[in-house]
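**Q** File follows, my_file_37.txt with compact mmCIF, C-alpha atoms:
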# COMPACT_ATOMS: atom_id res chain seq x y z
CA MET A 155 -40.04 -2.18 46.78
CA THR A 156 -43.07 -0.37 45.47
CA GLN A 157 -44.46 -1.02 42.07
CA LYS A 158 -43.34 2.41 40.93
CA THR A 159 -39.72 1.85 41.90
CA LEU A 160 -39.81 -1.55 40.33
CA ALA A 161 -41.12 -0.05 37.09
CA LEU A 162 -38.42 2.66 37.18
CA PHE A 163 -35.77 0.03 37.84
CA CYS A 164 -36.93 -2.04 34.88
CA LEU A 165 -37.07 1.02 32.68
CA SER A 166 -33.54 2.09 33.59
CA GLY A 167 -32.36 -1.44 32.87
CA PHE A 168 -34.13 -1.32 29.55
CA LEU A 169 -32.57 2.05 28.67
CA PHE A 170 -29.17 0.82 29.72
CA PHE A 171 -29.28 -2.06 27.27
CA CYS A 172 -31.04 -0.10 24.59
CA PRO A 173 -28.37 2.09 22.90
CA LEU A 174 -27.13 -0.61 20.54
CA PRO A 175 -30.49 -1.43 18.94
CA ILE A 176 -31.29 2.28 18.71
CA GLU A 177 -27.97 2.96 16.91
CA ALA A 178 -28.45 0.07 14.56
CA GLY A 179 -31.97 1.36 14.00
CA VAL A 180 -30.79 4.79 12.83
CA LEU A 181 -28.51 3.20 10.26
CA GLU A 182 -31.26 0.81 9.26
CA ASP A 183 -33.77 3.64 8.84
CA LYS A 184 -31.49 5.35 6.37
CA ASN A 185 -30.94 2.06 4.59
CA CYS A 186 -27.14 2.25 5.00
CA GLY A 187 -26.99 -1.55 4.96
CA SER A 188 -28.04 -1.72 1.32
CA CYS A 189 -24.57 -0.55 0.26
CA HIS A 190 -22.43 -0.89 3.38
CA ARG A 191 -21.52 -3.86 5.51
CA LEU A 192 -22.53 -2.90 9.04
CA SER A 193 -21.97 -6.11 10.92
CA ILE A 194 -19.33 -8.79 10.91
CA GLU A 195 -22.15 -11.27 10.33
CA ASP A 196 -22.93 -9.82 6.89
CA THR A 197 -21.02 -11.54 4.09
CA GLU A 198 -18.40 -9.16 2.78
CA ASN A 199 -18.22 -9.86 -0.93
CA THR A 200 -21.23 -8.07 -2.35
CA PHE A 201 -21.25 -4.55 -0.95
CA THR A 202 -20.86 -1.58 -3.26
CA GLY A 203 -19.85 0.85 -0.51
CA PRO A 204 -17.00 0.77 2.01
CA ASP A 205 -17.16 -1.70 4.88
CA LEU A 206 -18.44 0.14 7.95
CA HIS A 207 -18.63 -2.62 10.53
CA TYR A 208 -15.45 -1.17 12.05
CA ALA A 209 -16.29 2.50 11.35
CA GLY A 210 -15.65 3.38 15.01
CA ASN A 211 -12.08 2.06 14.75
CA LYS A 212 -11.39 3.77 11.46
CA PHE A 213 -12.90 7.23 11.14
CA GLN A 214 -12.62 10.53 12.93
CA PRO A 215 -16.13 11.49 14.12
CA GLU A 216 -15.88 15.11 12.96
CA TRP A 217 -14.99 13.99 9.46
CA LEU A 218 -17.89 11.52 9.39
CA LYS A 219 -20.32 14.27 10.38
CA ARG A 220 -19.06 16.57 7.64
CA PHE A 221 -19.03 13.78 5.07
CA LEU A 222 -22.63 12.74 5.78
CA ASN A 223 -23.70 16.35 5.45
CA GLN A 224 -21.57 17.14 2.38
CA PRO A 225 -20.40 13.88 0.80
CA ARG A 226 -17.22 13.81 -1.31
CA VAL A 227 -15.89 11.05 -3.52
CA ILE A 228 -13.10 9.19 -1.74
CA ARG A 229 -12.92 6.18 -4.09
CA PRO A 230 -13.49 7.28 -7.68
CA ALA A 231 -13.19 3.66 -8.90
CA GLY A 232 -15.78 2.37 -6.44
CA PHE A 233 -15.32 0.05 -3.48
CA ILE A 234 -13.27 -3.05 -4.12
CA THR A 235 -15.98 -5.58 -3.29
CA ASP A 236 -18.35 -3.97 -5.79
CA PRO A 237 -18.59 -6.26 -8.83
CA GLY A 238 -18.58 -3.14 -11.03
CA VAL A 239 -15.36 -1.76 -9.56
CA LEU A 240 -12.59 -0.59 -11.95
CA GLN A 241 -14.99 -0.46 -14.89
CA GLU A 242 -15.06 3.33 -14.87
CA LYS A 243 -18.81 3.47 -14.45
CA PRO A 244 -20.20 6.62 -12.86
CA LEU A 245 -20.83 6.08 -9.16
CA PRO A 246 -24.25 6.82 -7.70
CA PRO A 247 -23.92 9.89 -5.47
CA HIS A 248 -23.86 9.29 -1.70
CA PRO A 249 -27.01 10.68 -0.06
CA SER A 250 -26.46 13.83 1.96
CA PHE A 251 -28.19 14.36 5.30
CA PRO A 252 -29.14 17.50 7.21
CA GLU A 253 -26.72 18.36 10.00
CA ASP A 254 -28.78 16.83 12.83
CA ALA A 255 -29.31 13.54 11.06
CA ALA A 256 -25.67 13.49 9.96
CA ASN A 257 -24.55 13.91 13.57
CA THR A 258 -26.81 11.11 14.82
CA LEU A 259 -25.65 8.80 12.03
CA ALA A 260 -22.01 9.61 12.72
CA ASP A 261 -22.52 8.85 16.42
CA SER A 262 -24.08 5.51 15.55
CA LEU A 263 -21.27 4.68 13.14
CA MET A 264 -18.67 5.52 15.77
CA GLY A 265 -20.33 2.85 17.93
CA LEU A 266 -19.51 0.15 15.36
CA LYS A 267 -16.21 -1.25 16.58
CA ILE A 268 -14.38 -4.52 16.41
CA SER A 269 -11.66 -5.82 18.66
CA GLY A 270 -8.36 -6.79 17.17
CA GLU A 271 -6.19 -3.74 17.64
CA THR A 272 -2.80 -5.35 17.48
CA LEU A 273 -0.43 -2.46 17.92
CA GLU A 274 0.68 -0.16 20.64
CA PRO A 275 -1.26 3.08 20.17
CA VAL A 276 0.44 5.35 17.65
CA THR A 277 2.08 8.33 19.28
CA PRO A 278 0.44 11.48 18.00
CA GLU A 279 3.62 13.56 17.68
CA PRO A 280 4.47 14.62 14.16
CA LEU A 281 7.49 13.04 12.50
CA SER A 282 10.87 14.73 12.61
CA LYS A 283 12.00 16.37 9.38
CA GLY A 284 14.30 13.46 8.58
CA GLN A 285 11.73 10.77 9.38
CA ARG A 286 9.19 12.59 7.26
CA ALA A 287 11.58 12.77 4.31
CA LYS A 288 12.26 9.03 4.65
CA ILE A 289 8.61 7.99 4.82
CA LYS A 290 7.63 10.35 2.02
CA TYR A 291 10.25 8.69 -0.16
CA GLN A 292 9.21 5.18 0.86
CA PHE A 293 5.55 6.01 0.24
CA GLU A 294 6.26 6.82 -3.38
CA ARG A 295 9.37 4.86 -4.30
CA THR A 296 9.80 1.84 -2.03
CA PHE A 297 6.20 0.71 -1.60
CA GLY A 298 4.61 2.46 -4.59
CA CYS A 299 1.54 3.53 -2.54
CA ILE A 300 0.96 6.51 -4.83
CA SER A 301 0.19 4.19 -7.77
CA CYS A 302 -3.25 3.46 -6.30
CA HIS A 303 -3.76 6.20 -3.70
CA GLN A 304 -4.11 9.82 -4.59
CA SER A 305 -1.86 11.75 -2.22
CA LEU A 306 1.02 14.20 -2.36
CA ASN A 307 4.01 13.26 -4.49
CA LEU A 308 7.63 14.01 -3.64
CA ALA A 309 7.21 17.45 -5.21
CA GLY A 310 4.24 18.16 -2.93
CA LYS A 311 1.64 18.02 -5.72
CA VAL A 312 -1.66 16.13 -5.51
CA ARG A 313 -1.04 13.07 -7.69
CA GLY A 314 -1.64 9.35 -7.81
CA GLY A 315 -3.96 6.53 -8.77
CA VAL A 316 -7.60 6.20 -7.90
CA SER A 317 -8.22 2.47 -7.44
CA GLY A 318 -7.55 2.89 -3.72
CA PRO A 319 -9.14 5.49 -1.47
CA SER A 320 -7.74 9.01 -1.68
CA LEU A 321 -5.27 9.83 1.10
CA VAL A 322 -5.08 13.55 0.34
CA ASN A 323 -7.16 14.28 3.43
CA ALA A 324 -6.28 11.12 5.41
CA GLY A 325 -5.18 13.14 8.44
CA ASN A 326 -8.69 14.51 8.89
CA ARG A 327 -10.51 11.31 7.94
CA LEU A 328 -8.74 8.35 9.53
CA GLN A 329 -7.50 7.33 12.96
CA ALA A 330 -3.74 6.87 13.26
CA ASN A 331 -4.12 3.56 15.10
CA TRP A 332 -6.37 2.20 12.42
CA MET A 333 -3.87 3.04 9.67
CA ALA A 334 -1.02 1.35 11.51
CA ASN A 335 -3.22 -1.69 12.16
CA TRP A 336 -4.34 -1.84 8.55
CA LEU A 337 -0.71 -1.91 7.42
CA LYS A 338 0.10 -4.60 9.93
CA ALA A 339 -2.88 -6.92 9.68
CA PRO A 340 -5.41 -5.88 7.02
CA GLN A 341 -7.15 -9.25 7.28
CA ILE A 342 -8.66 -8.12 10.61
CA TYR A 343 -10.81 -5.75 8.60
CA LEU A 344 -11.10 -7.34 5.17
CA SER A 345 -10.36 -10.96 4.34
CA LYS A 346 -8.98 -10.14 0.88
CA GLY A 347 -8.19 -6.61 -0.19
CA ARG A 348 -6.63 -5.49 -3.47
CA MET A 349 -3.69 -3.78 -1.83
CA PRO A 350 -0.35 -5.60 -1.64
CA ARG A 351 0.69 -6.66 1.83
CA TYR A 352 3.90 -5.27 3.22
CA LYS A 353 6.14 -6.46 5.97
CA MET A 354 7.58 -3.16 7.06
CA GLY A 355 7.91 -3.63 10.81
CA SER A 356 5.99 -1.92 13.60
CA ALA A 357 8.25 1.14 13.78
CA THR A 358 7.76 1.91 10.08
CA GLN A 359 4.02 1.19 10.26
CA ASN A 360 3.82 3.62 13.12
CA GLN A 361 5.74 6.25 11.16
CA PHE A 362 3.55 5.71 8.10
CA ALA A 363 0.46 6.33 10.21
CA ARG A 364 2.00 9.53 11.59
CA PHE A 365 2.98 10.63 8.08
CA LEU A 366 -0.55 10.02 6.79
CA MET A 367 -1.95 11.98 9.73
CA SER A 368 -0.10 15.00 8.36
CA LEU A 369 -1.92 14.78 5.01
CA LYS A 370 -4.69 17.30 5.43
CA LYS A 371 -6.38 19.27 2.71
CA GLU A 372 -5.76 22.54 4.56
CA ASN A 373 -2.00 21.80 4.43
CA ILE A 374 -1.89 21.58 0.66
CA LYS A 375 -0.14 24.57 -0.82
CA MET B 129 83.40 -2.39 -11.52
CA ILE B 130 81.92 0.73 -13.02
CA LEU B 131 79.41 -1.44 -14.73
CA ASN B 132 78.81 -3.27 -11.49
CA ASN B 133 78.37 0.05 -9.74
CA LYS B 134 75.88 1.11 -12.34
CA ASN B 135 74.08 -2.14 -11.93
CA PHE B 136 74.13 -1.68 -8.17
CA LEU B 137 72.79 1.85 -8.45
CA PHE B 138 70.11 0.70 -10.86
CA GLY B 139 69.21 -2.12 -8.51
CA MET B 140 69.01 0.25 -5.55
CA THR B 141 66.80 2.69 -7.47
CA VAL B 142 64.45 -0.08 -8.43
CA ALA B 143 64.45 -1.39 -4.88
CA LEU B 144 63.80 2.09 -3.48
CA PHE B 145 61.05 2.69 -5.99
CA LEU B 146 59.45 -0.61 -5.17
CA SER B 147 59.86 -0.21 -1.44
CA SER B 148 58.44 3.30 -1.50
CA GLY B 149 55.57 1.96 -3.57
CA CYS B 150 55.02 -0.86 -1.11
CA GLY B 151 55.16 1.60 1.77
CA GLN B 152 52.36 3.68 0.35
CA ASP B 153 50.20 0.98 -1.06
CA PRO B 154 49.34 -0.85 2.15
CA GLU B 155 48.07 2.44 3.57
CA LYS B 156 46.01 2.97 0.50
CA GLN B 157 44.76 -0.56 0.75
CA VAL B 158 43.83 -0.09 4.39
CA ALA B 159 42.10 3.14 3.50
CA SER B 160 40.20 1.47 0.70
CA THR B 161 39.09 -1.38 2.93
CA LEU B 162 37.90 1.10 5.56
CA LYS B 163 35.91 3.06 3.02
CA PRO B 164 32.20 2.43 3.55
CA PRO B 165 31.06 -0.06 0.97
CA LEU B 166 28.79 1.16 -1.77
CA GLN B 167 25.12 0.55 -1.21
CA GLN B 168 24.92 -1.75 -4.17
CA GLU B 169 27.65 -3.95 -2.72
CA VAL B 170 25.79 -4.59 0.53
CA ARG B 171 22.48 -5.31 -1.13
CA VAL B 172 21.72 -8.97 -0.75
CA ALA B 173 20.80 -10.36 -4.11
CA PRO B 174 17.38 -12.01 -4.03
CA PRO B 175 17.54 -15.75 -4.51
CA ALA B 176 17.57 -16.48 -8.21
CA PRO B 177 14.13 -17.77 -9.10
CA GLN B 178 14.11 -21.09 -10.86
CA PRO B 179 12.39 -21.06 -14.20
CA GLN B 180 9.12 -22.87 -13.77
CA ARG B 181 6.27 -23.61 -16.06
CA VAL B 182 3.27 -23.37 -13.81
CA LYS B 183 0.01 -23.87 -15.63
CA VAL B 184 -2.41 -20.97 -15.98
CA THR B 185 -5.54 -21.82 -14.04
CA GLU B 186 -8.82 -20.11 -13.25
CA ASN B 187 -7.15 -18.94 -10.05
CA THR B 188 -4.42 -17.22 -12.09
CA ARG B 189 -6.99 -15.31 -14.12
CA GLU B 190 -8.91 -14.35 -10.99
CA THR B 191 -5.71 -13.15 -9.32
CA TYR B 192 -4.88 -11.05 -12.38
CA GLN B 193 -8.40 -9.60 -12.41
CA TRP B 194 -8.33 -8.90 -8.69
CA TYR B 195 -4.94 -7.20 -8.35
CA CYS B 196 -3.23 -6.47 -11.68
CA THR B 197 -6.18 -4.91 -13.52
CA GLN B 198 -6.07 -1.83 -11.29
CA CYS B 199 -3.18 -0.60 -13.41
CA HIS B 200 -2.75 -3.07 -16.29
CA GLY B 201 -6.44 -3.03 -17.26
CA ILE B 202 -9.15 -5.66 -17.41
CA GLU B 203 -7.80 -6.98 -20.72
CA GLY B 204 -4.17 -6.41 -19.78
CA LYS B 205 -3.72 -3.61 -22.29
CA GLY B 206 -1.99 -1.33 -19.81
CA ASN B 207 -5.05 0.89 -19.55
CA GLY B 208 -6.32 0.25 -16.00
CA ILE B 209 -8.07 2.93 -14.04
CA ASN B 210 -4.77 4.17 -12.58
CA ALA B 211 -2.86 4.07 -15.85
CA LYS B 212 -3.26 7.68 -16.94
CA LEU B 213 -2.36 8.95 -13.48
CA LEU B 214 1.00 7.21 -13.15
CA THR B 215 4.36 8.81 -13.92
CA VAL B 216 5.34 5.74 -15.93
CA PRO B 217 2.54 4.01 -17.87
CA PRO B 218 1.89 0.39 -16.87
CA ARG B 219 3.05 -2.32 -19.25
CA ASN B 220 0.65 -3.42 -21.99
CA HIS B 221 0.64 -7.19 -21.54
CA THR B 222 -0.86 -7.83 -24.95
CA LYS B 223 2.11 -6.41 -26.83
CA ALA B 224 4.96 -8.73 -27.62
CA ASP B 225 7.64 -6.27 -28.71
CA TYR B 226 8.83 -5.48 -25.18
CA LEU B 227 7.77 -8.63 -23.37
CA GLU B 228 9.68 -10.93 -25.71
CA THR B 229 12.87 -9.13 -24.66
CA ARG B 230 12.24 -10.19 -21.04
CA THR B 231 12.92 -13.64 -19.66
CA ASP B 232 10.37 -15.45 -17.50
CA GLU B 233 12.72 -14.95 -14.56
CA GLN B 234 12.76 -11.20 -15.09
CA LEU B 235 8.96 -11.07 -15.19
CA PHE B 236 8.84 -13.23 -12.05
CA GLU B 237 11.21 -10.86 -10.24
CA ALA B 238 9.28 -7.80 -11.37
CA ILE B 239 6.10 -9.21 -9.84
CA LYS B 240 7.71 -10.60 -6.72
CA PHE B 241 10.11 -7.79 -5.82
CA GLY B 242 8.55 -4.86 -7.69
CA GLY B 243 9.53 -2.75 -10.68
CA LEU B 244 12.63 -1.23 -9.09
CA SER B 245 14.20 -4.67 -8.60
CA VAL B 246 14.46 -5.15 -12.37
CA GLY B 247 15.42 -1.57 -13.13
CA ARG B 248 11.90 -0.49 -14.00
CA ALA B 249 9.50 1.98 -12.42
CA PRO B 250 8.70 1.96 -8.68
CA CYS B 251 5.00 2.31 -9.53
CA MET B 252 4.88 -1.48 -9.72
CA PRO B 253 4.86 -2.68 -6.10
CA ALA B 254 6.33 -5.91 -4.74
CA TRP B 255 3.80 -8.73 -4.35
CA GLU B 256 6.08 -11.08 -2.42
CA HIS B 257 3.99 -10.95 0.76
CA THR B 258 0.65 -11.10 -1.04
CA LEU B 259 1.08 -13.83 -3.65
CA ASP B 260 2.85 -17.16 -3.29
CA GLU B 261 5.62 -18.15 -5.70
CA SER B 262 3.53 -20.64 -7.59
CA THR B 263 0.84 -18.01 -8.27
CA ILE B 264 3.53 -15.57 -9.46
CA HIS B 265 4.96 -18.24 -11.81
CA SER B 266 1.50 -18.86 -13.20
CA LEU B 267 0.99 -15.10 -13.67
CA VAL B 268 4.20 -15.02 -15.74
CA GLN B 269 2.72 -17.74 -17.95
CA TYR B 270 -0.54 -15.82 -18.14
CA ILE B 271 1.36 -12.73 -19.35
CA ARG B 272 2.97 -14.99 -21.98
CA GLU B 273 -0.52 -16.05 -22.98
CA LEU B 274 -1.67 -12.43 -23.22
CA CYS B 275 1.30 -11.29 -25.33
CA GLN B 276 1.36 -14.56 -27.27
CA CYS B 277 5.10 -14.37 -27.03
CA GLU B 278 8.08 -16.15 -25.53
CA ALA B 279 11.43 -14.78 -24.39
CA LEU B 280 13.65 -14.40 -27.45
In C-alpha cells, how does this file's structure come out?

**A**
Amino acid sequence: MTQKTLALFCLSGFLFFCPLPIEAGVLEDKNCGSCHRLSIEDTENTFTGPDLHYAGNKFQPEWLKRFLNQPRVIRPAGFITDPGVLQEKPLPPHPSFPEDAANTLADSLMGLKISGETLEPVTPEPLSKGQRAKIKYQFERTFGCISCHQSLNLAGKVRGGVSGPSLVNAGNRLQANWMANWLKAPQIYLSKGRMPRYKMGSATQNQFARFLMSLKKENIK
Amino acid sequence: MILNNKNFLFGMTVALFLSSGCGQDPEKQVASTLKPPLQQEVRVAPPAPQPQRVKVTENTRETYQWYCTQCHGIEGKGNGINAKLLTVPPRNHTKADYLETRTDEQLFEAIKFGGLSVGRAPCMPAWEHTLDESTIHSLVQYIRELCQCEAL
C-alpha cells in the first residue's frame, strides 16, 4: 500500500466517523445548548427551552427547518423545566436563522435520537369518521387534554390552555410514533413532566397519535 | 245459589283478570331484562376512598406547585395560566364558601378520578396514574389549609 492510499484510507475513515462531532458542532456554534438539553448526559432540570436530545425522534424535519427560519411560539407559558415557567413573564424570542443555516441546524437536530421506541409504528392512515369522533370527544372530555393544550375543541374552534405545547399544528410538527410513545411512556423522554399520565391502551394511544396528525393549521376553517 | 253463582262469576272474573295479567307480565319482565342496561348501571363504582388525614409536607406543596398551579394558580386562587382559557374556571382553593360544602372524600375523588367523576367539569383531569393515594390525601389536606375550612 502506497503512502497516498494509506493517507486516503485514513482520511475516509476519519470522515466516516466525523459526522457526529460536526453536527454537535453546528448546534454548539449557535449556542443551542444554553437553553436546550442536547444530550442525555446533560442534567434535565435547568433548561429554559424544550428538551432536544431526542429531536430526531420527535420532530418533522420540514417543520424544524421552517421554525428555525421563522420561529413561532409553541409554549406561551415557557418550557416546564424553566424555573420561571407559569409566571406569565414574557419569553425571550427564539433566534431566527437564514434558510441555509436553518437547514443545517435542522439536519443536525434530526440526528439527535434516543432508543426506546416501545410501540409498533403508528399506521399513517387517517382515522375513520367514527374513530375520529370518539377520539375528539375523549381528547376534550375524557382526558381533558384541551385544558393545557391549545387545539381544536368539539366545535372545531381553536381553544385551550397554554401551559402545555400548542397542538394546533401538531400534524405538521410532530412524528406520529413519538406522540404514541409519549402517551405510553413519557419517562423515556422526561423523567418528570407536568402532564398527567394516562393508561389508555396501545390501540387508543395509536388512535390519539393519528388524530393529532390530522391537526394542521391549513385544515383550520 | 244465585248468590253462589254471582260469587263464582266474580271469582272467575278476578281469576281471569289475574291470569291475563300474569300472562302478560312475564313477557314484559323478560323484555325488560333483555333491554340493554343503562350506561350508569354498568359503570363500576370506584372504590370508596377511606377518609385519611395525611400530613401536608414539603412534597405536597411541591406537587401542588408542579402540577396544580397550571390551572389553579401559584397561590391556589384559581388564576393559573390556563384559567382564563378554560370553559369552566378552575376552583379557587383559597375560598371556603364552596370548598366547605365538599367532603374530603369528594375532593380526593375529584383529584384521583377527575372532575367528571364528581359531577364537575371535565377540564380537571384524573391524576390516578400520576400521583399515589397518599399524595392525593395530603393534597386534600393542603386544599383545606389553603381555604382554611373544613367540610361542614

**Q** Given the choices B:Val184, B:Met252, B:Ile239, B:Leu280, which gets closest to Ala211 (chain B) if the distance is worked out from only C-alpha atoms?

**A**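 When distances to Ala211 (chain B) are compared using only C-alpha atoms, the smallest one comes from B:Met252.
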
**Q** Between chain A and chain B, at 8 Å or less, what are the per-residue closest atom pairs and their distances in Å? Count all atoms listed in the file, order by chain and rising residue number, and return it as JSON lines.

**A**
{"residue": "A:Ala231", "atom": "CA", "partner": "B:Ile209", "partner_atom": "CA", "distance": 7.3}
{"residue": "A:Leu240", "atom": "CA", "partner": "B:Ile209", "partner_atom": "CA", "distance": 6.1}
{"residue": "A:Gln241", "atom": "CA", "partner": "B:Ile209", "partner_atom": "CA", "distance": 7.8}
{"residue": "A:Glu242", "atom": "CA", "partner": "B:Ile209", "partner_atom": "CA", "distance": 7.1}
{"residue": "A:Glu294", "atom": "CA", "partner": "B:Pro250", "partner_atom": "CA", "distance": 7.6}
{"residue": "A:Arg295", "atom": "CA", "partner": "B:Pro250", "partner_atom": "CA", "distance": 5.3}
{"residue": "A:Thr296", "atom": "CA", "partner": "B:Pro250", "partner_atom": "CA", "distance": 6.7}
{"residue": "A:Phe297", "atom": "CA", "partner": "B:Pro253", "partner_atom": "CA", "distance": 5.8}
{"residue": "A:Gly298", "atom": "CA", "partner": "B:Cys251", "partner_atom": "CA", "distance": 5.0}
{"residue": "A:Cys299", "atom": "CA", "partner": "B:Pro253", "partner_atom": "CA", "distance": 7.9}
{"residue": "A:Ile300", "atom": "CA", "partner": "B:Cys251", "partner_atom": "CA", "distance": 7.5}
{"residue": "A:Ser301", "atom": "CA", "partner": "B:Cys251", "partner_atom": "CA", "distance": 5.5}
{"residue": "A:Cys302", "atom": "CA", "partner": "B:Asn210", "partner_atom": "CA", "distance": 6.5}
{"residue": "A:Arg313", "atom": "CA", "partner": "B:Leu213", "partner_atom": "CA", "distance": 7.2}
{"residue": "A:Gly314", "atom": "CA", "partner": "B:Leu213", "partner_atom": "CA", "distance": 5.7}
{"residue": "A:Gly315", "atom": "CA", "partner": "B:Asn210", "partner_atom": "CA", "distance": 4.6}
{"residue": "A:Val316", "atom": "CA", "partner": "B:Asn210", "partner_atom": "CA", "distance": 5.8}
{"residue": "A:Ser317", "atom": "CA", "partner": "B:Gln198", "partner_atom": "CA", "distance": 6.2}
{"residue": "A:Arg348", "atom": "CA", "partner": "B:Tyr195", "partner_atom": "CA", "distance": 5.4}
{"residue": "A:Met349", "atom": "CA", "partner": "B:Tyr195", "partner_atom": "CA", "distance": 7.5}
{"residue": "A:Pro350", "atom": "CA", "partner": "B:Thr258", "partner_atom": "CA", "distance": 5.6}
{"residue": "A:Arg351", "atom": "CA", "partner": "B:Thr258", "partner_atom": "CA", "distance": 5.3}
{"residue": "A:Tyr352", "atom": "CA", "partner": "B:His257", "partner_atom": "CA", "distance": 6.2}
{"residue": "A:Lys353", "atom": "CA", "partner": "B:His257", "partner_atom": "CA", "distance": 7.2}

**Q** Take the residues that were just selected and, keeping C-alpha atoms, output them as a PDB file, in the coordinates of the input.

**A**
ATOM      1  CA  ALA A 231     -13.190   3.660  -8.900  1.00  0.00           C
ATOM      2  CA  LEU A 240     -12.590  -0.590 -11.950  1.00  0.00           C
ATOM      3  CA  GLN A 241     -14.990  -0.460 -14.890  1.00  0.00           C
ATOM      4  CA  GLU A 242     -15.060   3.330 -14.870  1.00  0.00           C
ATOM      5  CA  GLU A 294       6.260   6.820  -3.380  1.00  0.00           C
ATOM      6  CA  ARG A 295       9.370   4.860  -4.300  1.00  0.00           C
ATOM      7  CA  THR A 296       9.800   1.840  -2.030  1.00  0.00           C
ATOM      8  CA  PHE A 297       6.200   0.710  -1.600  1.00  0.00           C
ATOM      9  CA  GLY A 298       4.610   2.460  -4.590  1.00  0.00           C
ATOM     10  CA  CYS A 299       1.540   3.530  -2.540  1.00  0.00           C
ATOM     11  CA  ILE A 300       0.960   6.510  -4.830  1.00  0.00           C
ATOM     12  CA  SER A 301       0.190   4.190  -7.770  1.00  0.00           C
ATOM     13  CA  CYS A 302      -3.250   3.460  -6.300  1.00  0.00           C
ATOM     14  CA  ARG A 313      -1.040  13.070  -7.690  1.00  0.00           C
ATOM     15  CA  GLY A 314      -1.640   9.350  -7.810  1.00  0.00           C
ATOM     16  CA  GLY A 315      -3.960   6.530  -8.770  1.00  0.00           C
ATOM     17  CA  VAL A 316      -7.600   6.200  -7.900  1.00  0.00           C
ATOM     18  CA  SER A 317      -8.220   2.470  -7.440  1.00  0.00           C
ATOM     19  CA  ARG A 348      -6.630  -5.490  -3.470  1.00  0.00           C
ATOM     20  CA  MET A 349      -3.690  -3.780  -1.830  1.00  0.00           C
ATOM     21  CA  PRO A 350      -0.350  -5.600  -1.640  1.00  0.00           C
ATOM     22  CA  ARG A 351       0.690  -6.660   1.830  1.00  0.00           C
ATOM     23  CA  TYR A 352       3.900  -5.270   3.220  1.00  0.00           C
ATOM     24  CA  LYS A 353       6.140  -6.460   5.970  1.00  0.00           C
TER      25      LYS A 353
END

**Q** Mind checking which residues fall within 12 Å of Tyr226 (chain B), counting all atoms listed in the file, ignoring those fewer than 6 positions away in the same chain, and posting them as a PDB file with C-alpha atoms, in the frame of the given file?

**A**
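Output saved as selection.pdb:
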ATOM      1  CA  ARG B 219       3.050  -2.320 -19.250  1.00  0.00           C
ATOM      2  CA  ASN B 220       0.650  -3.420 -21.990  1.00  0.00           C
ATOM      3  CA  LEU B 235       8.960 -11.070 -15.190  1.00  0.00           C
ATOM      4  CA  ILE B 271       1.360 -12.730 -19.350  1.00  0.00           C
ATOM      5  CA  ARG B 272       2.970 -14.990 -21.980  1.00  0.00           C
ATOM      6  CA  CYS B 275       1.300 -11.290 -25.330  1.00  0.00           C
ATOM      7  CA  GLN B 276       1.360 -14.560 -27.270  1.00  0.00           C
ATOM      8  CA  CYS B 277       5.100 -14.370 -27.030  1.00  0.00           C
ATOM      9  CA  GLU B 278       8.080 -16.150 -25.530  1.00  0.00           C
ATOM     10  CA  ALA B 279      11.430 -14.780 -24.390  1.00  0.00           C
ATOM     11  CA  LEU B 280      13.650 -14.400 -27.450  1.00  0.00           C
TER      12      LEU B 280
END

**Q** How far is it from CA of Glu261 (chain B) to CA of Thr185 (chain B), in Å with one decimal?

**A**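 About the pair CA of Glu261 (chain B) and CA of Thr185 (chain B): they are 14.4 Å apart.
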
**Q** When you draw a straight line from CA of Glu182 (chain A) to CA of Pro237 (chain A), how long is it in Å?

**A** 23.2 Å

**Q** In Å, how far is it from CA of Pro252 (chain A) to CA of Lys184 (chain A)?

**A**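 Atom-to-atom, CA of Pro252 (chain A) and CA of Lys184 (chain A) are spaced 12.4 Å apart.
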
**Q** Could you tell me, as a list in words, which residues have any atom at most 12 Å from (12.5, 6.0, 7.5), counting all atoms listed in the file?

**A** Leu281, Ser282, Lys283, Gly284, Gln285, Arg286, Ala287, Lys288, Ile289, Lys290, Tyr291, Gln292, Phe293, Thr296, Met354, Gly355, Ser356, Ala357, Thr358, Gln359, Asn360, Gln361, Phe362, Arg364 and Phe365 of chain A

**Q** Write out, as a CSV table (one decimal), in the coordinates of the input, the residues just selected, with C-alpha atoms.

**A**
chain,number,residue,atom,x,y,z
A,281,LEU,CA,7.5,13.0,12.5
A,282,SER,CA,10.9,14.7,12.6
A,283,LYS,CA,12.0,16.4,9.4
A,284,GLY,CA,14.3,13.5,8.6
A,285,GLN,CA,11.7,10.8,9.4
A,286,ARG,CA,9.2,12.6,7.3
A,287,ALA,CA,11.6,12.8,4.3
A,288,LYS,CA,12.3,9.0,4.6
A,289,ILE,CA,8.6,8.0,4.8
A,290,LYS,CA,7.6,10.4,2.0
A,291,TYR,CA,10.2,8.7,-0.2
A,292,GLN,CA,9.2,5.2,0.9
A,293,PHE,CA,5.6,6.0,0.2
A,296,THR,CA,9.8,1.8,-2.0
A,354,MET,CA,7.6,-3.2,7.1
A,355,GLY,CA,7.9,-3.6,10.8
A,356,SER,CA,6.0,-1.9,13.6
A,357,ALA,CA,8.2,1.1,13.8
A,358,THR,CA,7.8,1.9,10.1
A,359,GLN,CA,4.0,1.2,10.3
A,360,ASN,CA,3.8,3.6,13.1
A,361,GLN,CA,5.7,6.2,11.2
A,362,PHE,CA,3.6,5.7,8.1
A,364,ARG,CA,2.0,9.5,11.6
A,365,PHE,CA,3.0,10.6,8.1

**Q** Can you take region 210-214 of chain B from the block and write N, CA and C atoms as a PDB file, in the first residue's frame?

**A**
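Output contents, as saved in result11.pdb:
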ATOM      1  N   ASN B 210     -53.716  28.833  32.628  1.00  0.00           N
ATOM      2  CA  ASN B 210     -54.765  28.291  31.752  1.00  0.00           C
ATOM      3  C   ASN B 210     -56.159  28.797  32.115  1.00  0.00           C
ATOM      4  N   ALA B 211     -56.265  29.401  33.293  1.00  0.00           N
ATOM      5  CA  ALA B 211     -57.597  29.662  33.861  1.00  0.00           C
ATOM      6  C   ALA B 211     -58.545  30.389  32.914  1.00  0.00           C
ATOM      7  N   LYS B 212     -58.058  31.479  32.332  1.00  0.00           N
ATOM      8  CA  LYS B 212     -58.949  32.294  31.500  1.00  0.00           C
ATOM      9  C   LYS B 212     -59.360  31.578  30.219  1.00  0.00           C
ATOM     10  N   LEU B 213     -58.631  30.532  29.863  1.00  0.00           N
ATOM     11  CA  LEU B 213     -58.867  29.878  28.579  1.00  0.00           C
ATOM     12  C   LEU B 213     -59.776  28.655  28.697  1.00  0.00           C
ATOM     13  N   LEU B 214     -60.182  28.332  29.920  1.00  0.00           N
ATOM     14  CA  LEU B 214     -60.994  27.138  30.115  1.00  0.00           C
ATOM     15  C   LEU B 214     -62.485  27.475  30.061  1.00  0.00           C
TER      16      LEU B 214
END
